[in-house]
Structures are given as C-alpha cells and as structure tokens.
>>> print(open('input25.json').read())   # JSON, C-alpha atoms and all ligand atoms
[["chain", "number", "residue", "atom", "x", "y", "z"],
["N", 587, "MET", "CA", -3.62, 1.65, -11.65],
["N", 588, "GLN", "CA", -2.24, 3.63, -14.62],
["N", 589, "ALA", "CA", 0.38, 1.06, -15.55],
["N", 590, "ASP", "CA", -1.90, -1.96, -15.39],
["N", 591, "PRO", "CA", -5.49, -1.21, -14.37],
["N", 592, "ALA", "CA", -6.58, -4.87, -14.32],
["N", 593, "HIS", "CA", -3.69, -6.03, -12.12],
["N", 594, "PRO", "CA", -4.99, -7.41, -8.81],
["N", 595, "ARG", "CA", -2.42, -5.53, -6.68],
["N", 596, "PRO", "CA", -3.75, -1.94, -7.02],
["N", 597, "ARG", "CA", -7.32, -3.19, -6.81],
["N", 598, "LEU", "CA", -6.70, -5.18, -3.65],
["N", 599, "LEU", "CA", -4.71, -2.35, -2.03],
["N", 600, "ARG", "CA", -7.21, 0.34, -3.02],
["N", 601, "GLY", "CA", -9.95, -1.77, -1.45],
["N", 602, "GLU", "CA", -7.93, -2.14, 1.75],
["N", 603, "VAL", "CA", -7.38, 1.63, 1.93],
["N", 604, "ALA", "CA", -11.10, 2.28, 1.39],
["N", 605, "ALA", "CA", -12.04, -0.29, 4.04],
["N", 606, "ALA", "CA", -9.59, 1.27, 6.52],
["N", 607, "GLU", "CA", -11.24, 4.65, 5.86],
["N", 608, "GLY", "CA", -14.66, 3.13, 6.53],
["N", 609, "ASP", "CA", -15.82, 3.36, 2.89],
["N", 610, "HIS", "CA", -17.07, -0.21, 2.65],
["N", 611, "ALA", "CA", -18.97, 0.33, -0.61],
["N", 612, "ALA", "CA", -15.81, 1.59, -2.34],
["N", 613, "ALA", "CA", -13.82, -1.34, -0.91],
["N", 614, "ILE", "CA", -16.35, -3.80, -2.31],
["N", 615, "GLU", "CA", -16.39, -2.05, -5.67],
["N", 616, "SER", "CA", -12.61, -2.31, -5.98],
["N", 617, "TRP", "CA", -12.57, -5.95, -4.87],
["N", 618, "ARG", "CA", -15.43, -6.79, -7.26],
["N", 619, "GLY", "CA", -12.95, -6.09, -10.07],
["N", 620, "VAL", "CA", -10.63, -8.72, -8.59],
["N", 621, "GLU", "CA", -13.53, -11.15, -8.20],
["N", 622, "ARG", "CA", -14.38, -10.67, -11.87],
["N", 623, "ASP", "CA", -10.92, -10.60, -13.52],
["N", 624, "SER", "CA", -8.59, -12.51, -11.16],
["N", 625, "PRO", "CA", -10.79, -14.36, -8.66],
["N", 626, "GLU", "CA", -8.02, -16.54, -7.19],
["N", 627, "TRP", "CA", -6.52, -13.34, -5.71],
["N", 628, "LEU", "CA", -9.64, -12.48, -3.72],
["N", 629, "ALA", "CA", -8.60, -14.92, -0.98],
["N", 630, "LEU", "CA", -5.88, -12.44, 0.09],
["N", 631, "VAL", "CA", -8.59, -10.06, 1.34],
["N", 632, "ALA", "CA", -11.18, -12.68, 2.34],
["N", 633, "PRO", "CA", -11.70, -11.42, 5.95],
["N", 634, "GLY", "CA", -11.91, -7.80, 4.75],
["N", 635, "TRP", "CA", -14.36, -8.76, 2.00],
["N", 636, "LEU", "CA", -16.71, -10.39, 4.50],
["N", 637, "ALA", "CA", -16.32, -7.53, 7.01],
["N", 638, "ALA", "CA", -17.13, -4.89, 4.38],
["N", 639, "PHE", "CA", -20.34, -6.68, 3.37],
["N", 640, "ALA", "CA", -21.27, -7.25, 7.02],
["N", 641, "ALA", "CA", -20.71, -3.54, 7.81],
["N", 642, "LEU", "CA", -23.28, -2.68, 5.12],
["N", 643, "GLY", "CA", -25.80, -5.22, 6.45],
["N", 644, "ARG", "CA", -25.14, -7.48, 3.43],
["N", 645, "GLY", "CA", -23.24, -10.26, 5.21],
["N", 646, "ASP", "CA", -25.11, -13.09, 3.48],
["N", 647, "GLU", "CA", -24.28, -11.66, 0.05],
["N", 648, "GLY", "CA", -20.59, -11.46, 0.95],
["N", 649, "ILE", "CA", -20.52, -15.06, 2.20],
["N", 650, "GLU", "CA", -22.35, -16.35, -0.87],
["N", 651, "ALA", "CA", -20.06, -14.54, -3.31],
["N", 652, "LEU", "CA", -16.87, -15.65, -1.55],
["N", 653, "GLU", "CA", -18.12, -19.24, -1.40],
["N", 654, "ALA", "CA", -18.67, -19.21, -5.16],
["N", 655, "VAL", "CA", -15.07, -18.04, -5.63],
["N", 656, "HIS", "CA", -13.84, -20.64, -3.14],
["N", 657, "ARG", "CA", -15.62, -23.46, -4.97],
["N", 658, "ALA", "CA", -13.87, -22.52, -8.22],
["N", 659, "HIS", "CA", -10.51, -21.61, -6.60],
["N", 660, "PRO", "CA", -10.20, -23.40, -3.25],
["N", 661, "SER", "CA", -7.97, -21.50, -0.82],
["N", 662, "ILE", "CA", -7.26, -21.96, 2.87],
["N", 663, "ASP", "CA", -7.56, -18.20, 3.40],
["N", 664, "ALA", "CA", -11.09, -18.05, 1.97],
["N", 665, "PHE", "CA", -11.98, -21.27, 3.80],
["N", 666, "THR", "CA", -10.81, -19.88, 7.16],
["N", 667, "ALA", "CA", -12.63, -16.57, 6.70],
["N", 668, "LEU", "CA", -15.82, -18.33, 5.60],
["N", 669, "ALA", "CA", -15.69, -20.77, 8.52],
["N", 670, "ALA", "CA", -15.41, -17.83, 10.96],
["N", 671, "ALA", "CA", -18.26, -15.94, 9.28],
["N", 672, "ARG", "CA", -20.47, -19.02, 9.30],
["N", 673, "ALA", "CA", -19.66, -19.76, 12.96],
["N", 674, "GLU", "CA", -20.68, -16.21, 13.84],
["N", 675, "ARG", "CA", -23.87, -16.33, 11.78],
["N", 676, "ASP", "CA", -24.99, -19.96, 12.20],
["N", 677, "GLY", "CA", -23.14, -21.20, 15.30],
["N", 678, "GLY", "CA", -20.15, -23.51, 15.76],
["N", 679, "ALA", "CA", -21.88, -26.82, 14.98],
["N", 680, "ALA", "CA", -23.36, -25.53, 11.71],
["N", 681, "ALA", "CA", -19.97, -24.08, 10.75],
["N", 682, "VAL", "CA", -18.33, -27.48, 11.38],
["N", 683, "ALA", "CA", -20.92, -29.16, 9.13],
["N", 684, "TRP", "CA", -20.23, -26.60, 6.41],
["N", 685, "ALA", "CA", -16.45, -27.04, 6.77],
["N", 686, "GLU", "CA", -16.73, -30.84, 6.51],
["N", 687, "GLN", "CA", -18.70, -30.50, 3.30],
["N", 688, "ALA", "CA", -16.30, -27.94, 1.84],
["N", 689, "LEU", "CA", -13.33, -30.22, 2.63],
["N", 690, "GLN", "CA", -15.01, -33.17, 0.92],
["N", 691, "ALA", "CA", -15.19, -31.05, -2.24],
["N", 692, "ALA", "CA", -11.61, -29.73, -1.90],
["N", 693, "PRO", "CA", -9.51, -31.86, 0.49],
["N", 694, "SER", "CA", -6.76, -29.92, 2.28],
["N", 695, "LEU", "CA", -4.56, -30.65, 5.28],
["N", 696, "LEU", "CA", -4.61, -26.96, 6.21],
["N", 697, "GLY", "CA", -8.39, -27.09, 6.02],
["N", 698, "LEU", "CA", -8.42, -30.21, 8.17],
["N", 699, "GLU", "CA", -6.28, -28.39, 10.76],
["N", 700, "LYS", "CA", -8.82, -25.57, 10.81],
["N", 701, "LEU", "CA", -11.72, -28.04, 11.06],
["N", 702, "LEU", "CA", -10.08, -29.77, 14.04],
["N", 703, "ALA", "CA", -9.65, -26.42, 15.80],
["N", 704, "MET", "CA", -13.34, -25.70, 15.21],
["N", 705, "LYS", "CA", -14.25, -29.13, 16.59],
["N", 706, "ALA", "CA", -11.99, -28.69, 19.61],
["N", 707, "ALA", "CA", -13.79, -25.43, 20.40],
["N", 708, "LEU", "CA", -17.12, -27.29, 20.49],
["N", 709, "ARG", "CA", -15.77, -29.64, 23.23],
["N", 710, "ARG", "CA", -18.04, -32.51, 22.26],
["N", 711, "ASP", "CA", -18.09, -35.45, 24.69],
["N", 712, "GLY", "CA", -16.26, -38.52, 23.45],
["N", 713, "GLU", "CA", -14.62, -36.65, 20.58],
["N", 714, "GLN", "CA", -12.16, -34.38, 22.37],
["N", 715, "ALA", "CA", -9.26, -36.79, 22.89],
["N", 716, "GLU", "CA", -9.31, -37.93, 19.26],
["N", 717, "VAL", "CA", -9.50, -34.36, 17.99],
["N", 718, "GLU", "CA", -6.52, -33.30, 20.12],
["N", 719, "LEU", "CA", -4.47, -36.30, 18.98],
["N", 720, "ALA", "CA", -5.16, -35.51, 15.33],
["N", 721, "GLN", "CA", -4.26, -31.84, 15.94],
["N", 722, "ARG", "CA", -0.89, -32.84, 17.42],
["N", 723, "LEU", "CA", -0.16, -35.23, 14.55],
["N", 724, "ILE", "CA", -0.73, -32.80, 11.70],
["N", 725, "GLN", "CA", 0.55, -29.60, 13.34],
["N", 726, "ALA", "CA", 4.14, -29.66, 12.01],
["N", 727, "GLN", "CA", 3.12, -30.77, 8.51],
["N", 728, "ALA", "CA", 0.43, -28.10, 8.33],
["N", 729, "ARG", "CA", 2.92, -25.41, 9.35],
["N", 730, "ARG", "CA", 5.24, -26.54, 6.56],
["N", 731, "LEU", "CA", 2.43, -26.39, 3.99],
["N", 732, "SER", "CA", 1.15, -22.95, 4.99],
["N", 733, "ARG", "CA", 3.98, -20.82, 3.55],
["N", 734, "TYR", "CA", 3.82, -18.50, 0.57],
["N", 735, "VAL", "CA", 6.60, -19.22, -1.93],
["N", 736, "CYS", "CA", 8.47, -16.87, -4.28],
["N", 737, "GLY", "CA", 8.15, -18.25, -7.82],
["N", 738, "HIS", "CA", 11.57, -16.81, -8.73],
["N", 739, "CYS", "CA", 13.96, -17.63, -5.85],
["N", 740, "GLY", "CA", 11.86, -20.04, -3.76],
["N", 741, "PHE", "CA", 11.94, -17.86, -0.60],
["N", 742, "LYS", "CA", 9.25, -19.11, 1.77],
["N", 743, "ALA", "CA", 7.33, -16.71, 3.96],
["N", 744, "ARG", "CA", 4.56, -16.86, 6.51],
["N", 745, "GLN", "CA", 3.01, -13.69, 5.10],
["N", 746, "PHE", "CA", 2.24, -12.67, 1.54],
["N", 747, "TYR", "CA", 4.65, -10.26, -0.19],
["N", 748, "TRP", "CA", 4.14, -8.24, -3.35],
["N", 749, "GLN", "CA", 7.94, -7.77, -3.42],
["N", 750, "CYS", "CA", 10.05, -10.76, -2.44],
["N", 751, "PRO", "CA", 12.36, -10.10, 0.55],
["N", 752, "GLY", "CA", 14.69, -12.79, -0.81],
["N", 753, "CYS", "CA", 15.31, -11.59, -4.39],
["N", 754, "ASN", "CA", 13.58, -8.15, -4.37],
["N", 755, "ARG", "CA", 11.49, -8.99, -7.44],
["N", 756, "TRP", "CA", 7.90, -7.82, -7.70],
["N", 757, "ASP", "CA", 4.86, -10.03, -8.27],
["N", 758, "THR", "CA", 6.66, -13.34, -7.86],
["N", 759, "TYR", "CA", 4.25, -14.74, -5.25],
["N", 760, "ALA", "CA", 1.08, -16.56, -6.18],
["N", 761, "PRO", "CA", -1.89, -15.97, -3.83],
["N", 762, "LYS", "CA", -1.52, -19.58, -2.65],
["N", 763, "ARG", "CA", 0.08, -21.50, 0.21],
["N", 764, "SER", "CA", 2.68, -24.16, -0.49],
["N", 765, "GLU", "CA", 0.07, -26.90, -0.06],
["N", 766, "GLU", "CA", -2.04, -25.36, -2.83],
["N", 767, "LEU", "CA", 1.03, -24.80, -5.01],
["N", 768, "GLU", "CA", 2.25, -28.40, -4.59],
["N", 769, "ARG", "CA", -1.20, -29.70, -5.47],
["N", 770, "GLY", "CA", -1.64, -27.41, -8.46],
["N", 801, "ZN", "ZN", 12.23, -14.26, -4.47]]
>>> encode(input="input25.json", output="structure tokens", more="lines below")
Ligand SMILES: [Zn+2]
Amino acid sequence: MQADPAHPRPRLLRGEVAAAEGDHAAAIESWRGVERDSPEWLALVAPGWLAAFAALGRGDEGIEALEAVHRAHPSIDAFTALAAARAERDGGAAAVAWAEQALQAAPSLLGLEKLLAMKAALRRDGEQAEVELAQRLIQAQARRLSRYVCGHCGFKARQFYWQCPGCNRWDTYAPKRSEELERG
C-alpha cells in the first residue's frame, strides 16, 4: 500500500483478508477502489465481491455493479460469478436467458461452455442430447483457452499468480484468460 497505493494487488488482497475476517463492509470498500481505478482487475475477486454484498443484504447492488464492470471489461470470471448469483436469485432458466444475452454482447467460448453447463443442469426435454454433444466438442478447446499467461516468459497456469512460478517476476500476469488475451 505504501509503495503504490493505487495498485490493484494490495487492494484486492486487503479486501480478501477483510472478507475472511467477516468484515464485508471493509472488503467492499477496498474493492471499490479497484472498481474505480482498475476495473478489469475486479474479476479476480468476483465471487467474493458478490458474497460480501449478499452478506450485507445488498446482493442486488453487488450484481448490478459487477455487471456494469463486466459490460465494459468482459471476463469469464465475472460472467461465471454473475451467472451463479443470478441462478440463485432468479432461478436457472432466468440465469440462462441472462447468460445468452451477455454472450451476444461479448461472445466467448469459455462463456459458451458455462452456458451449456447451465443448460445441462436444467435438463430440458429435446435439448439435452444436443447440449451434451456441444459440451464434448468444445471441452478441450475451452480448457486450452482458460489459462492465465505470464506476459514475460509465457508460462501458462490454471490459477492466477502475482509472482510467476516460471520466471519469478512480479506482476507479469494480466487478470485475463488466454482467450481474452488472444482476442484483445
Ligand atoms: Zn513468467
């Protein structure tokens, strides 16, 4: 915080510590700084963001704010967290309708994989076989596109790292999956 108060890392981590201690208001306050100054990083804490708002009885506000960020900076992590929050609040069918609309605005194979999983869970008559076929077809490609990538050495990882395990440099990962990086 002292070295670089506007850097997303201390803000995101401080919010995670506060959330773990049950101080949801402090978590939101710290993450609000990220939302304001480096919104594309908010996706890294998308589930925590929604949980903190929900814990304070402000779930709708959390969803609305994260959706605004997602519209400007589409991310599979925000999309997945929002789809889950909407399914819990509005039901599976409404969440599928929301996800279809969100994917029209920002097409993504990783998003499509998530949408298919949501559809499979609904077990709609006449749709199931087609959904399962599409899931099988895109599975391997989606896995390939879901990695985080070090901007210095190219090390690919399933999880996000602040310090690259390949080259040991700090802050070389963008808060984006390879699909989003290739597109951008
Ligand atoms: Zn690296």
>>> residues_near_ligand(input="input25.json", ligand="ligand ZN 801 (chain N)", cutoff="9 Å", atoms="all atoms listed in the file", output="list in words")
Val735, Cys736, Gly737, His738, Cys739, Gly740, Phe741, Lys742, Gln749, Cys750, Pro751, Gly752, Cys753, Asn754, Arg755, Trp756, Thr758 and Tyr759 of chain N
>>> closest_residue(input="input25.json", among="N:Pro761, N:Pro633, N:Gly608, N:Pro693", to="Ala670 of chain N", atoms="all atoms listed in the file")
N:Pro633
>>> residues_near_point(input="input25.json", point="(-11.4, -6.8, 0.8)", cutoff="7 Å", atoms="all atoms listed in the file", output="count of residues only")
11
>>> residues_around(input="input25.json", residues="Leu767 of chain N", least_positions_apart="3", cutoff="10 Å", atoms="only C-alpha atoms", output="mmCIF file with C-alpha atoms, keeping the file's coordinate frame")
data_model
loop_
_atom_site.group_PDB
_atom_site.id
_atom_site.type_symbol
_atom_site.label_atom_id
_atom_site.label_comp_id
_atom_site.auth_asym_id
_atom_site.auth_seq_id
_atom_site.Cartn_x
_atom_site.Cartn_y
_atom_site.Cartn_z
ATOM 1 C CA LEU N 731 2.430 -26.390 3.990
ATOM 2 C CA ARG N 733 3.980 -20.820 3.550
ATOM 3 C CA TYR N 734 3.820 -18.500 0.570
ATOM 4 C CA VAL N 735 6.600 -19.220 -1.930
ATOM 5 C CA ALA N 760 1.080 -16.560 -6.180
ATOM 6 C CA PRO N 761 -1.890 -15.970 -3.830
ATOM 7 C CA LYS N 762 -1.520 -19.580 -2.650
ATOM 8 C CA ARG N 763 0.080 -21.500 0.210
ATOM 9 C CA SER N 764 2.680 -24.160 -0.490
ATOM 10 C CA GLY N 770 -1.640 -27.410 -8.460
#
>>> atom_distance(input="input25.json", atom1="atom CA of Val603 of chain N", atom2="atom CA of Gln588 of chain N")
17.4 Å
>>> closest_atom_pairs(input="input25.json", of="segment 639-674 of chain N", to="segment 702-713 of chain N", cutoff="12 Å", atoms="only C-alpha atoms", output="JSON lines")
{"residue": "N:Thr666", "atom": "CA", "partner": "N:Met704", "partner_atom": "CA", "distance": 10.3}
{"residue": "N:Ala669", "atom": "CA", "partner": "N:Met704", "partner_atom": "CA", "distance": 8.6}
{"residue": "N:Ala670", "atom": "CA", "partner": "N:Met704", "partner_atom": "CA", "distance": 9.2}
{"residue": "N:Arg672", "atom": "CA", "partner": "N:Met704", "partner_atom": "CA", "distance": 11.4}
{"residue": "N:Ala673", "atom": "CA", "partner": "N:Met704", "partner_atom": "CA", "distance": 9.0}
>>> residues_around(input="input25.json", residues="Ser616 of chain N", least_positions_apart="2", cutoff="12 Å", atoms="only C-alpha atoms", output="VMD selection string")
chain N and resid 587 591 to 605 609 to 614 618 to 623 628 631 635 638
>>> write_last_selection(input="input25.json", atoms="C-alpha atoms", output="mmCIF file, keeping the file's coordinate frame")
data_model
loop_
_atom_site.group_PDB
_atom_site.id
_atom_site.type_symbol
_atom_site.label_atom_id
_atom_site.label_comp_id
_atom_site.auth_asym_id
_atom_site.auth_seq_id
_atom_site.Cartn_x
_atom_site.Cartn_y
_atom_site.Cartn_z
ATOM 1 C CA MET N 587 -3.620 1.650 -11.650
ATOM 2 C CA PRO N 591 -5.490 -1.210 -14.370
ATOM 3 C CA ALA N 592 -6.580 -4.870 -14.320
ATOM 4 C CA HIS N 593 -3.690 -6.030 -12.120
ATOM 5 C CA PRO N 594 -4.990 -7.410 -8.810
ATOM 6 C CA ARG N 595 -2.420 -5.530 -6.680
ATOM 7 C CA PRO N 596 -3.750 -1.940 -7.020
ATOM 8 C CA ARG N 597 -7.320 -3.190 -6.810
ATOM 9 C CA LEU N 598 -6.700 -5.180 -3.650
ATOM 10 C CA LEU N 599 -4.710 -2.350 -2.030
ATOM 11 C CA ARG N 600 -7.210 0.340 -3.020
ATOM 12 C CA GLY N 601 -9.950 -1.770 -1.450
ATOM 13 C CA GLU N 602 -7.930 -2.140 1.750
ATOM 14 C CA VAL N 603 -7.380 1.630 1.930
ATOM 15 C CA ALA N 604 -11.100 2.280 1.390
ATOM 16 C CA ALA N 605 -12.040 -0.290 4.040
ATOM 17 C CA ASP N 609 -15.820 3.360 2.890
ATOM 18 C CA HIS N 610 -17.070 -0.210 2.650
ATOM 19 C CA ALA N 611 -18.970 0.330 -0.610
ATOM 20 C CA ALA N 612 -15.810 1.590 -2.340
ATOM 21 C CA ALA N 613 -13.820 -1.340 -0.910
ATOM 22 C CA ILE N 614 -16.350 -3.800 -2.310
ATOM 23 C CA ARG N 618 -15.430 -6.790 -7.260
ATOM 24 C CA GLY N 619 -12.950 -6.090 -10.070
ATOM 25 C CA VAL N 620 -10.630 -8.720 -8.590
ATOM 26 C CA GLU N 621 -13.530 -11.150 -8.200
ATOM 27 C CA ARG N 622 -14.380 -10.670 -11.870
ATOM 28 C CA ASP N 623 -10.920 -10.600 -13.520
ATOM 29 C CA LEU N 628 -9.640 -12.480 -3.720
ATOM 30 C CA VAL N 631 -8.590 -10.060 1.340
ATOM 31 C CA TRP N 635 -14.360 -8.760 2.000
ATOM 32 C CA ALA N 638 -17.130 -4.890 4.380
#
>>> residues_around(input="input25.json", residues="Glu653 of chain N", least_positions_apart="6", cutoff="9 Å", atoms="only C-alpha atoms", output="short mmCIF file (atom, residue, chain, number, x, y, z; two decimals) with C-alpha atoms, keeping the file's coordinate frame")
data_model
loop_
_atom_site.label_atom_id
_atom_site.label_comp_id
_atom_site.auth_asym_id
_atom_site.auth_seq_id
_atom_site.Cartn_x
_atom_site.Cartn_y
_atom_site.Cartn_z
CA ALA N 664 -11.09 -18.05 1.97
CA PHE N 665 -11.98 -21.27 3.80
CA LEU N 668 -15.82 -18.33 5.60
#
>>> atom_distance(input="input25.json", atom1="atom CA of Leu652 of chain N", atom2="atom CA of Ala606 of chain N")
20.1 Å
>>> residues_around(input="input25.json", residues="Ala726 of chain N", least_positions_apart="6", cutoff="12 Å", atoms="only C-alpha atoms", output="PyMOL selection string")
chain N and resi 695-696+699+720+732
>>> atom_distance(input="input25.json", atom1="atom CA of Leu630 of chain N", atom2="atom CA of Leu701 of chain N")
19.9 Å
>>> decode(input="input25.json", residues="segment 593-611 of chain N", atoms="N, CA and C atoms", output="PDB file, in the first residue's frame")
ATOM      1  N   HIS N 593      -2.234   0.494  -6.725  1.00  0.00           N
ATOM      2  CA  HIS N 593      -2.024  -0.798  -7.388  1.00  0.00           C
ATOM      3  C   HIS N 593      -3.151  -1.765  -6.989  1.00  0.00           C
ATOM      4  N   PRO N 594      -3.666  -2.527  -7.942  1.00  0.00           N
ATOM      5  CA  PRO N 594      -4.789  -3.418  -7.586  1.00  0.00           C
ATOM      6  C   PRO N 594      -4.415  -4.522  -6.592  1.00  0.00           C
ATOM      7  N   ARG N 595      -3.129  -4.938  -6.567  1.00  0.00           N
ATOM      8  CA  ARG N 595      -2.779  -6.096  -5.726  1.00  0.00           C
ATOM      9  C   ARG N 595      -3.078  -5.883  -4.243  1.00  0.00           C
ATOM     10  N   PRO N 596      -2.520  -4.807  -3.595  1.00  0.00           N
ATOM     11  CA  PRO N 596      -2.834  -4.652  -2.169  1.00  0.00           C
ATOM     12  C   PRO N 596      -4.321  -4.418  -1.917  1.00  0.00           C
ATOM     13  N   ARG N 597      -4.984  -3.764  -2.827  1.00  0.00           N
ATOM     14  CA  ARG N 597      -6.423  -3.523  -2.631  1.00  0.00           C
ATOM     15  C   ARG N 597      -7.216  -4.824  -2.693  1.00  0.00           C
ATOM     16  N   LEU N 598      -6.894  -5.654  -3.678  1.00  0.00           N
ATOM     17  CA  LEU N 598      -7.600  -6.932  -3.804  1.00  0.00           C
ATOM     18  C   LEU N 598      -7.311  -7.820  -2.596  1.00  0.00           C
ATOM     19  N   LEU N 599      -6.033  -7.879  -2.191  1.00  0.00           N
ATOM     20  CA  LEU N 599      -5.655  -8.752  -1.076  1.00  0.00           C
ATOM     21  C   LEU N 599      -6.221  -8.242   0.248  1.00  0.00           C
ATOM     22  N   ARG N 600      -6.198  -6.929   0.444  1.00  0.00           N
ATOM     23  CA  ARG N 600      -6.753  -6.380   1.682  1.00  0.00           C
ATOM     24  C   ARG N 600      -8.246  -6.691   1.777  1.00  0.00           C
ATOM     25  N   GLY N 601      -8.930  -6.610   0.632  1.00  0.00           N
ATOM     26  CA  GLY N 601     -10.353  -6.960   0.607  1.00  0.00           C
ATOM     27  C   GLY N 601     -10.580  -8.425   0.937  1.00  0.00           C
ATOM     28  N   GLU N 602      -9.707  -9.288   0.435  1.00  0.00           N
ATOM     29  CA  GLU N 602      -9.850 -10.729   0.715  1.00  0.00           C
ATOM     30  C   GLU N 602      -9.622 -11.017   2.191  1.00  0.00           C
ATOM     31  N   VAL N 603      -8.644 -10.329   2.795  1.00  0.00           N
ATOM     32  CA  VAL N 603      -8.385 -10.512   4.232  1.00  0.00           C
ATOM     33  C   VAL N 603      -9.600 -10.047   5.029  1.00  0.00           C
ATOM     34  N   ALA N 604     -10.126  -8.872   4.682  1.00  0.00           N
ATOM     35  CA  ALA N 604     -11.295  -8.343   5.403  1.00  0.00           C
ATOM     36  C   ALA N 604     -12.481  -9.285   5.263  1.00  0.00           C
ATOM     37  N   ALA N 605     -12.699  -9.807   4.060  1.00  0.00           N
ATOM     38  CA  ALA N 605     -13.832 -10.726   3.839  1.00  0.00           C
ATOM     39  C   ALA N 605     -13.654 -11.992   4.667  1.00  0.00           C
ATOM     40  N   ALA N 606     -12.411 -12.501   4.726  1.00  0.00           N
ATOM     41  CA  ALA N 606     -12.147 -13.717   5.503  1.00  0.00           C
ATOM     42  C   ALA N 606     -12.395 -13.476   6.989  1.00  0.00           C
ATOM     43  N   GLU N 607     -12.186 -12.219   7.433  1.00  0.00           N
ATOM     44  CA  GLU N 607     -12.422 -11.888   8.842  1.00  0.00           C
ATOM     45  C   GLU N 607     -13.878 -11.523   9.094  1.00  0.00           C
ATOM     46  N   GLY N 608     -14.702 -11.576   8.049  1.00  0.00           N
ATOM     47  CA  GLY N 608     -16.129 -11.279   8.215  1.00  0.00           C
ATOM     48  C   GLY N 608     -16.467  -9.801   8.143  1.00  0.00           C
ATOM     49  N   ASP N 609     -15.474  -8.950   7.831  1.00  0.00           N
ATOM     50  CA  ASP N 609     -15.737  -7.508   7.709  1.00  0.00           C
ATOM     51  C   ASP N 609     -16.082  -7.188   6.246  1.00  0.00           C
ATOM     52  N   HIS N 610     -17.334  -7.455   5.896  1.00  0.00           N
ATOM     53  CA  HIS N 610     -17.748  -7.337   4.499  1.00  0.00           C
ATOM     54  C   HIS N 610     -17.735  -5.882   4.010  1.00  0.00           C
ATOM     55  N   ALA N 611     -18.067  -4.948   4.906  1.00  0.00           N
ATOM     56  CA  ALA N 611     -18.065  -3.537   4.514  1.00  0.00           C
ATOM     57  C   ALA N 611     -16.647  -3.085   4.150  1.00  0.00           C
TER      58      ALA N 611
END
